[in-house]
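Chemist: One structure, pasted below without further comment.
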Amino acid sequence: MPQEFSSQISSPSLIERSNSDLSLDSKLLELPLYEFSVEISFTGKELGQVFEKYPLLPGAILVDEGKYVGMLSRRQFLEFLIRPFGQDLFFHQPLSIIYSYGRTPILNLAETTPILNAMQFALRRSPEFLSEPIVVKTTDKDNYRLLDIQELNIASWQIRGIETQVRYERSQAQIIQNDKMASLGRLVDGVAHELLDPVNFIWGNLTHVSNYSKDLIKLIEIYDNSTSNIPEEVLYLKQDIEFDFLESDLSQAITSIRAGADRLKKLVSGLQNFCHIDAIYPKPIDLHAHLDSIVLLISSRLKGEIDIVKDFGHLPPVSCFIGQLNQVFMNILSRAVDILLDEAIRQNFDVEPESNSAKKPTIQVTTEVISQESKIPGTPDSRWVSIGIMDNGPGMSVEFQQQIKESFTVGKRADKETSLAVSYRIITARHGGKLNFSSQPEKGTQFEILLPLI
């Protein structure tokens, strides 16, 4: 390229960058940008010579004594020249005259703008301006460069291809994971069923054992009361086996066995509920029974460090995919338990005096039916089942809350899918519900699941 023209217009330069390493988060500064500015006092003839010399140059940045004024694209410039008497009227006029006649909306973006966002802004323009170049403002020197719209289109398609590939790989991994979880669920359900049979056997025979023991004790008492001369061998045996203690402790032992069998039965039933494999269509379900099962499974990993309080209202049967909802309940409750356990460990190492007055970690699970006013006039209010899960942990920072909200979006979900993002998709996409959350530092976090009542 020649270094300069006789009119002292500096030569355009193309700042090329390899776009082979584009990613979902790539920005405009990673694309080839043209650096070319011209004073508005120069004539159209001088600008035309530059466009003739550099056929790929999409336009020119117009400046007035070095300050940015606007942009004149190659297309606009040529449209003026092909008008009747266009060359006679504009060819020898200053660029300020041409720009005043053809001023059109200019899309100005920072160089840190993500390429996909820039493409969205470009497509929102009027159809007659879709081919216009984009003015990119740099941050280091506060100057302006030009981006050819074709470069943006190519980069956008490349990123969309990357995104499609990521989604495909993630979907394949998700299919494999779902198949593994379904197989694991069937396996655990079979093991739970096998466990439930002996538990029912124990549970069913405990009543008979309790009655038999009471009858035997009663028989011994009647024998003792009706016999004046009890053989010494019997007295020695009663003393050796501590009959008085055995008589009082036997009923308590049977009660303990009954309580253990009952807890084991509930755990196995809870495991079966959690491993429930959904049908093709949603079914009416008692949410309270499944929430009880999830709380029981969660409580099995605790040793009294956390109180889980249930405040259930009156709920009708809810039509849902209960297997997926169980996953949502487990995700949110597990997250709350992990945070509270970490906070409890931190407080144990805290030597400050006020740490002794800290409240005991608590998770509260509430359910109720609520109504929301319809925004469409003439339509009835909507009714929802509300499931609230609230903890009194340290809460979340504003930045972390924003990250969670971003993970709910489609773009971020393709990049990284968290348990909360999976829960959000299950609630919204599969059940037409809502997943809301709020958090305050040092006060705790609350998640609210809203399911529509049909």
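Please note that chains go A, B, ... in the order of the structure tokens, that every chain numbers its residues from 1, and that ligands are numbered from 1 in the order shown.
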Could you pull the residues within 9 Å of A:Val295, counting only C-alpha atoms, minus those fewer than 5 positions along the same chain, as a PyMOL selection string?
Modeler: chain A and resi 270+290+300+308+329-330+333
Chemist: Output all heavy atoms for every residue in that selection, as a compact mmCIF listing (two decimals), in the first residue's frame.
Modeler:
# COMPACT_ATOMS: atom_id res chain seq x y z
N GLY A 270 -38.52 -43.72 50.83
CA GLY A 270 -38.03 -42.45 50.29
C GLY A 270 -37.09 -42.66 49.14
O GLY A 270 -37.11 -41.92 48.14
N HIS A 290 -43.54 -36.74 48.85
CA HIS A 290 -42.22 -36.76 48.23
C HIS A 290 -41.28 -35.77 48.91
O HIS A 290 -40.07 -36.03 49.02
CB HIS A 290 -42.34 -36.46 46.74
CG HIS A 290 -42.96 -37.59 45.96
ND1 HIS A 290 -42.21 -38.57 45.35
CD2 HIS A 290 -44.26 -37.91 45.72
CE1 HIS A 290 -43.02 -39.43 44.75
NE2 HIS A 290 -44.26 -39.05 44.96
N SER A 300 -30.44 -37.98 56.60
CA SER A 300 -29.60 -39.14 56.90
C SER A 300 -28.12 -38.79 56.88
O SER A 300 -27.31 -39.51 57.47
CB SER A 300 -29.89 -40.26 55.89
OG SER A 300 -29.54 -39.85 54.57
N ILE A 308 -34.22 -29.04 60.16
CA ILE A 308 -35.07 -28.91 58.97
C ILE A 308 -36.51 -28.84 59.44
O ILE A 308 -37.04 -29.82 59.98
CB ILE A 308 -34.86 -30.08 58.00
CG1 ILE A 308 -33.39 -30.14 57.54
CG2 ILE A 308 -35.77 -29.93 56.79
CD1 ILE A 308 -33.10 -31.24 56.54
N PHE A 329 -35.89 -30.67 44.13
CA PHE A 329 -35.90 -30.56 45.59
C PHE A 329 -34.55 -30.98 46.17
O PHE A 329 -34.02 -30.31 47.08
CB PHE A 329 -37.01 -31.43 46.18
CG PHE A 329 -38.39 -31.06 45.73
CD1 PHE A 329 -39.41 -32.02 45.63
CD2 PHE A 329 -38.70 -29.76 45.39
CE1 PHE A 329 -40.68 -31.68 45.21
CE2 PHE A 329 -39.98 -29.41 44.96
CZ PHE A 329 -40.96 -30.37 44.87
N MET A 330 -33.99 -32.08 45.65
CA MET A 330 -32.71 -32.56 46.17
C MET A 330 -31.59 -31.57 45.87
O MET A 330 -30.73 -31.31 46.72
CB MET A 330 -32.39 -33.92 45.55
CG MET A 330 -31.10 -34.54 46.03
SD MET A 330 -31.12 -34.93 47.80
CE MET A 330 -32.09 -36.45 47.78
N LEU A 333 -32.12 -28.41 48.27
CA LEU A 333 -31.89 -28.75 49.67
C LEU A 333 -30.42 -29.13 49.90
O LEU A 333 -29.84 -28.75 50.93
CB LEU A 333 -32.80 -29.90 50.09
CG LEU A 333 -34.25 -29.51 50.39
CD1 LEU A 333 -35.12 -30.75 50.55
CD2 LEU A 333 -34.33 -28.65 51.65
Chemist: Run DSSP on the backbone and give me the residues of stretch 282-391 of chain A it puts in alpha helix (DSSP H), as a ChimeraX atom specification.
Modeler: /A:287-299,322-348
Chemist: Would you mind exporting C-alpha atoms of the selected residues as a PDB file, in the first residue's frame?
Modeler:
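That gives us again-v2.pdb:
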ATOM      1  CA  LEU A 287     -46.057 -33.372  46.842  1.00  0.00           C
ATOM      2  CA  HIS A 288     -45.919 -33.578  50.638  1.00  0.00           C
ATOM      3  CA  ALA A 289     -45.139 -37.303  50.590  1.00  0.00           C
ATOM      4  CA  HIS A 290     -42.215 -36.762  48.232  1.00  0.00           C
ATOM      5  CA  LEU A 291     -40.942 -33.718  50.120  1.00  0.00           C
ATOM      6  CA  ASP A 292     -40.994 -35.861  53.285  1.00  0.00           C
ATOM      7  CA  SER A 293     -38.950 -38.500  51.482  1.00  0.00           C
ATOM      8  CA  ILE A 294     -36.360 -35.986  50.247  1.00  0.00           C
ATOM      9  CA  VAL A 295     -36.058 -34.381  53.694  1.00  0.00           C
ATOM     10  CA  LEU A 296     -35.608 -37.834  55.240  1.00  0.00           C
ATOM     11  CA  LEU A 297     -32.859 -38.721  52.752  1.00  0.00           C
ATOM     12  CA  ILE A 298     -31.151 -35.362  53.337  1.00  0.00           C
ATOM     13  CA  SER A 299     -31.413 -35.790  57.120  1.00  0.00           C
ATOM     14  CA  ILE A 322     -42.363 -36.155  40.077  1.00  0.00           C
ATOM     15  CA  GLY A 323     -39.033 -37.812  39.266  1.00  0.00           C
ATOM     16  CA  GLN A 324     -37.720 -34.530  37.859  1.00  0.00           C
ATOM     17  CA  LEU A 325     -39.226 -32.497  40.703  1.00  0.00           C
ATOM     18  CA  ASN A 326     -37.491 -34.798  43.194  1.00  0.00           C
ATOM     19  CA  GLN A 327     -34.225 -33.867  41.499  1.00  0.00           C
ATOM     20  CA  VAL A 328     -35.059 -30.159  41.891  1.00  0.00           C
ATOM     21  CA  PHE A 329     -35.897 -30.560  45.593  1.00  0.00           C
ATOM     22  CA  MET A 330     -32.709 -32.560  46.167  1.00  0.00           C
ATOM     23  CA  ASN A 331     -30.564 -29.994  44.305  1.00  0.00           C
ATOM     24  CA  ILE A 332     -31.850 -27.014  46.285  1.00  0.00           C
ATOM     25  CA  LEU A 333     -31.886 -28.751  49.666  1.00  0.00           C
ATOM     26  CA  SER A 334     -28.404 -30.240  49.137  1.00  0.00           C
ATOM     27  CA  ARG A 335     -27.080 -26.809  48.241  1.00  0.00           C
ATOM     28  CA  ALA A 336     -28.594 -25.307  51.408  1.00  0.00           C
ATOM     29  CA  VAL A 337     -27.171 -28.125  53.559  1.00  0.00           C
ATOM     30  CA  ASP A 338     -23.682 -27.746  52.049  1.00  0.00           C
ATOM     31  CA  ILE A 339     -23.666 -23.986  52.663  1.00  0.00           C
ATOM     32  CA  LEU A 340     -24.908 -24.323  56.255  1.00  0.00           C
ATOM     33  CA  LEU A 341     -22.395 -27.077  57.060  1.00  0.00           C
ATOM     34  CA  ASP A 342     -19.561 -24.953  55.650  1.00  0.00           C
ATOM     35  CA  GLU A 343     -20.760 -21.989  57.707  1.00  0.00           C
ATOM     36  CA  ALA A 344     -20.951 -24.165  60.839  1.00  0.00           C
ATOM     37  CA  ILE A 345     -17.347 -25.291  60.307  1.00  0.00           C
ATOM     38  CA  ARG A 346     -16.262 -21.693  59.797  1.00  0.00           C
ATOM     39  CA  GLN A 347     -17.965 -20.630  63.027  1.00  0.00           C
ATOM     40  CA  ASN A 348     -16.246 -23.434  64.924  1.00  0.00           C
TER      41      ASN A 348
END
Chemist: Within 9 Å of A:Gly102, counting only C-alpha atoms, which residues show up once you throw out same-chain ones fewer than 5 positions away? Write them as a short mmCIF file (atom, residue, chain, number, x, y, z; two decimals) with C-alpha atoms, in the first residue's frame, please.
Modeler:
data_model
loop_
_atom_site.label_atom_id
_atom_site.label_comp_id
_atom_site.auth_asym_id
_atom_site.auth_seq_id
_atom_site.Cartn_x
_atom_site.Cartn_y
_atom_site.Cartn_z
CA LEU A 72 -19.28 7.71 5.51
CA GLN A 76 -23.33 5.92 0.58
CA PHE A 77 -20.50 7.64 -1.23
CA PHE A 80 -24.19 10.13 -4.24
CA ILE A 97 -21.33 18.63 2.51
#
Chemist: Skip A:Ile306 itself and residues of its chain fewer than 3 positions away, then list as an NGL selection string all residues within 7 Å of it, counting only C-alpha atoms.
Modeler: :A and (360-362)
Chemist: Between atom CA of A:Asp249 and atom CA of A:Ser213, measure the distance and give it in Å to one decimal.
Modeler: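 It comes out at 11.4 Å.
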Chemist: Might you pull out every residue within 9 Å of A:Gly432, with only C-alpha atoms counted and same-chain residues fewer than 3 positions away left off, and present them as a ChimeraX atom specification?
Modeler: /A:426-429,450-452
Chemist: Would you mind listing what lies within 10 Å of stretch 122-128 of chain A as a PyMOL selection string, with only C-alpha atoms counted and same-chain residues fewer than 6 positions away left out?
Modeler: chain A and resi 105-107+116+134+149+152-153
Chemist: Using N, CA, C and O atoms, can you write the selected residues to a file as a compact mmCIF listing (two decimals), in the first residue's frame?
Modeler:
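What landed in out.txt:
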# COMPACT_ATOMS: atom_id res chain seq x y z
N PRO A 105 -28.25 6.70 10.34
CA PRO A 105 -27.91 6.15 11.67
C PRO A 105 -26.65 5.29 11.61
O PRO A 105 -26.50 4.45 10.72
N ILE A 106 -25.75 5.52 12.53
CA ILE A 106 -24.48 4.79 12.59
C ILE A 106 -24.49 3.91 13.83
O ILE A 106 -24.83 4.37 14.93
N LEU A 107 -24.11 2.67 13.65
CA LEU A 107 -24.03 1.74 14.78
C LEU A 107 -22.63 1.83 15.39
O LEU A 107 -21.64 1.43 14.78
N LEU A 116 -21.52 -11.98 19.28
CA LEU A 116 -22.93 -12.39 19.12
C LEU A 116 -23.86 -11.24 19.48
O LEU A 116 -24.90 -11.05 18.83
N ILE A 134 -19.74 -1.12 10.72
CA ILE A 134 -19.94 -0.77 12.13
C ILE A 134 -18.73 0.02 12.61
O ILE A 134 -17.58 -0.33 12.31
N ILE A 149 -19.22 -5.46 7.70
CA ILE A 149 -20.33 -6.28 8.17
C ILE A 149 -20.16 -7.74 7.75
O ILE A 149 -20.62 -8.67 8.45
N LEU A 152 -18.17 -9.53 10.32
CA LEU A 152 -19.01 -9.84 11.48
C LEU A 152 -19.91 -11.03 11.20
O LEU A 152 -20.09 -11.90 12.06
N ASN A 153 -20.46 -11.10 9.98
CA ASN A 153 -21.32 -12.23 9.62
C ASN A 153 -20.56 -13.55 9.66
O ASN A 153 -21.04 -14.55 10.20
Chemist: Pick the closest to A:Asp262 from A:Ile82, A:Leu250, A:Ile202, A:Val309: which is it, counting only C-alpha atoms?
Modeler: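 With only C-alpha atoms as the atom set, the closest residue is A:Ile202.
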Chemist: Extract the full set of strand (DSSP E or B) residues from stretch 120-161 of chain A according to DSSP on the backbone, and format it as a list of chain:residue names.
Modeler: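 DSSP-assigned strand (DSSP E or B) residues in stretch 120-161 of chain A: A:Ile134, A:Val135, A:Val136, A:Lys137, A:Tyr144, A:Arg145, A:Leu146, A:Leu147.
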Chemist: Take the residues from that selection and put them in a file with N, CA, C and O atoms, as a compact mmCIF listing (two decimals), in the first residue's frame.
Modeler:
# COMPACT_ATOMS: atom_id res chain seq x y z
N ILE A 134 -19.74 -1.12 10.72
CA ILE A 134 -19.94 -0.77 12.13
C ILE A 134 -18.73 0.02 12.61
O ILE A 134 -17.58 -0.33 12.31
N VAL A 135 -18.99 1.09 13.34
CA VAL A 135 -17.93 1.88 13.92
C VAL A 135 -17.58 1.28 15.29
O VAL A 135 -18.44 1.14 16.15
N VAL A 136 -16.31 0.93 15.46
CA VAL A 136 -15.84 0.30 16.70
C VAL A 136 -14.94 1.27 17.44
O VAL A 136 -13.93 1.73 16.90
N LYS A 137 -15.33 1.57 18.66
CA LYS A 137 -14.55 2.49 19.48
C LYS A 137 -13.55 1.70 20.33
O LYS A 137 -13.92 0.77 21.04
N TYR A 144 -11.37 5.45 16.64
CA TYR A 144 -12.44 4.68 16.03
C TYR A 144 -11.91 3.91 14.83
O TYR A 144 -11.05 4.39 14.09
N ARG A 145 -12.48 2.71 14.65
CA ARG A 145 -12.12 1.86 13.52
C ARG A 145 -13.39 1.33 12.88
O ARG A 145 -14.48 1.42 13.45
N LEU A 146 -13.22 0.74 11.70
CA LEU A 146 -14.36 0.24 10.93
C LEU A 146 -14.34 -1.27 10.87
O LEU A 146 -13.28 -1.88 10.69
N LEU A 147 -15.52 -1.85 11.02
CA LEU A 147 -15.69 -3.30 10.90
C LEU A 147 -16.62 -3.59 9.73
O LEU A 147 -17.77 -3.14 9.72
Chemist: Quick one: of A:Glu46, A:Asp21, A:Asp307, A:Glu232, who's nearest to A:Gln158, counting only C-alpha atoms?
Modeler: A:Asp21
Chemist: Could you jot down the atom CA of A:Thr367 to atom CA of A:Tyr281 separation for me, Å, one decimal place?
Modeler: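 We find that atom CA of A:Thr367 and atom CA of A:Tyr281 lie 23.9 Å from each other.
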Chemist: Please indicate the distance in Å from atom CA of A:Val63 to atom CA of A:Val38, rounded to one decimal place.
Modeler: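 Going from atom CA of A:Val63 over to atom CA of A:Val38 covers 6.0 Å.
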Chemist: I'd like to know which of A:Glu151, A:Glu65, A:Glu79, A:Asp381 is closest to A:Tyr34, using only C-alpha atoms.
Modeler: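 Counting only C-alpha atoms, the residue closest to A:Tyr34 is A:Glu151.
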Chemist: Counting only C-alpha atoms, what is within 12 Å of A:Gly204, bar same-chain residues fewer than 6 positions away, as a list in words?
Modeler: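 My reading of the contact set: Leu196, Asp197, Pro198, Ser210, Ile257, Arg258, Ala261, Asp262 and Lys265 of chain A.
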Chemist: Using only C-alpha atoms, which of the listed residues (A:Arg425, A:Lys53, A:His431, A:Arg74) sits closest to A:Ser407?
Modeler: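 Between A:Arg425, A:Lys53, A:His431, A:Arg74, the residue approaching A:Ser407 most closely is A:Arg425.
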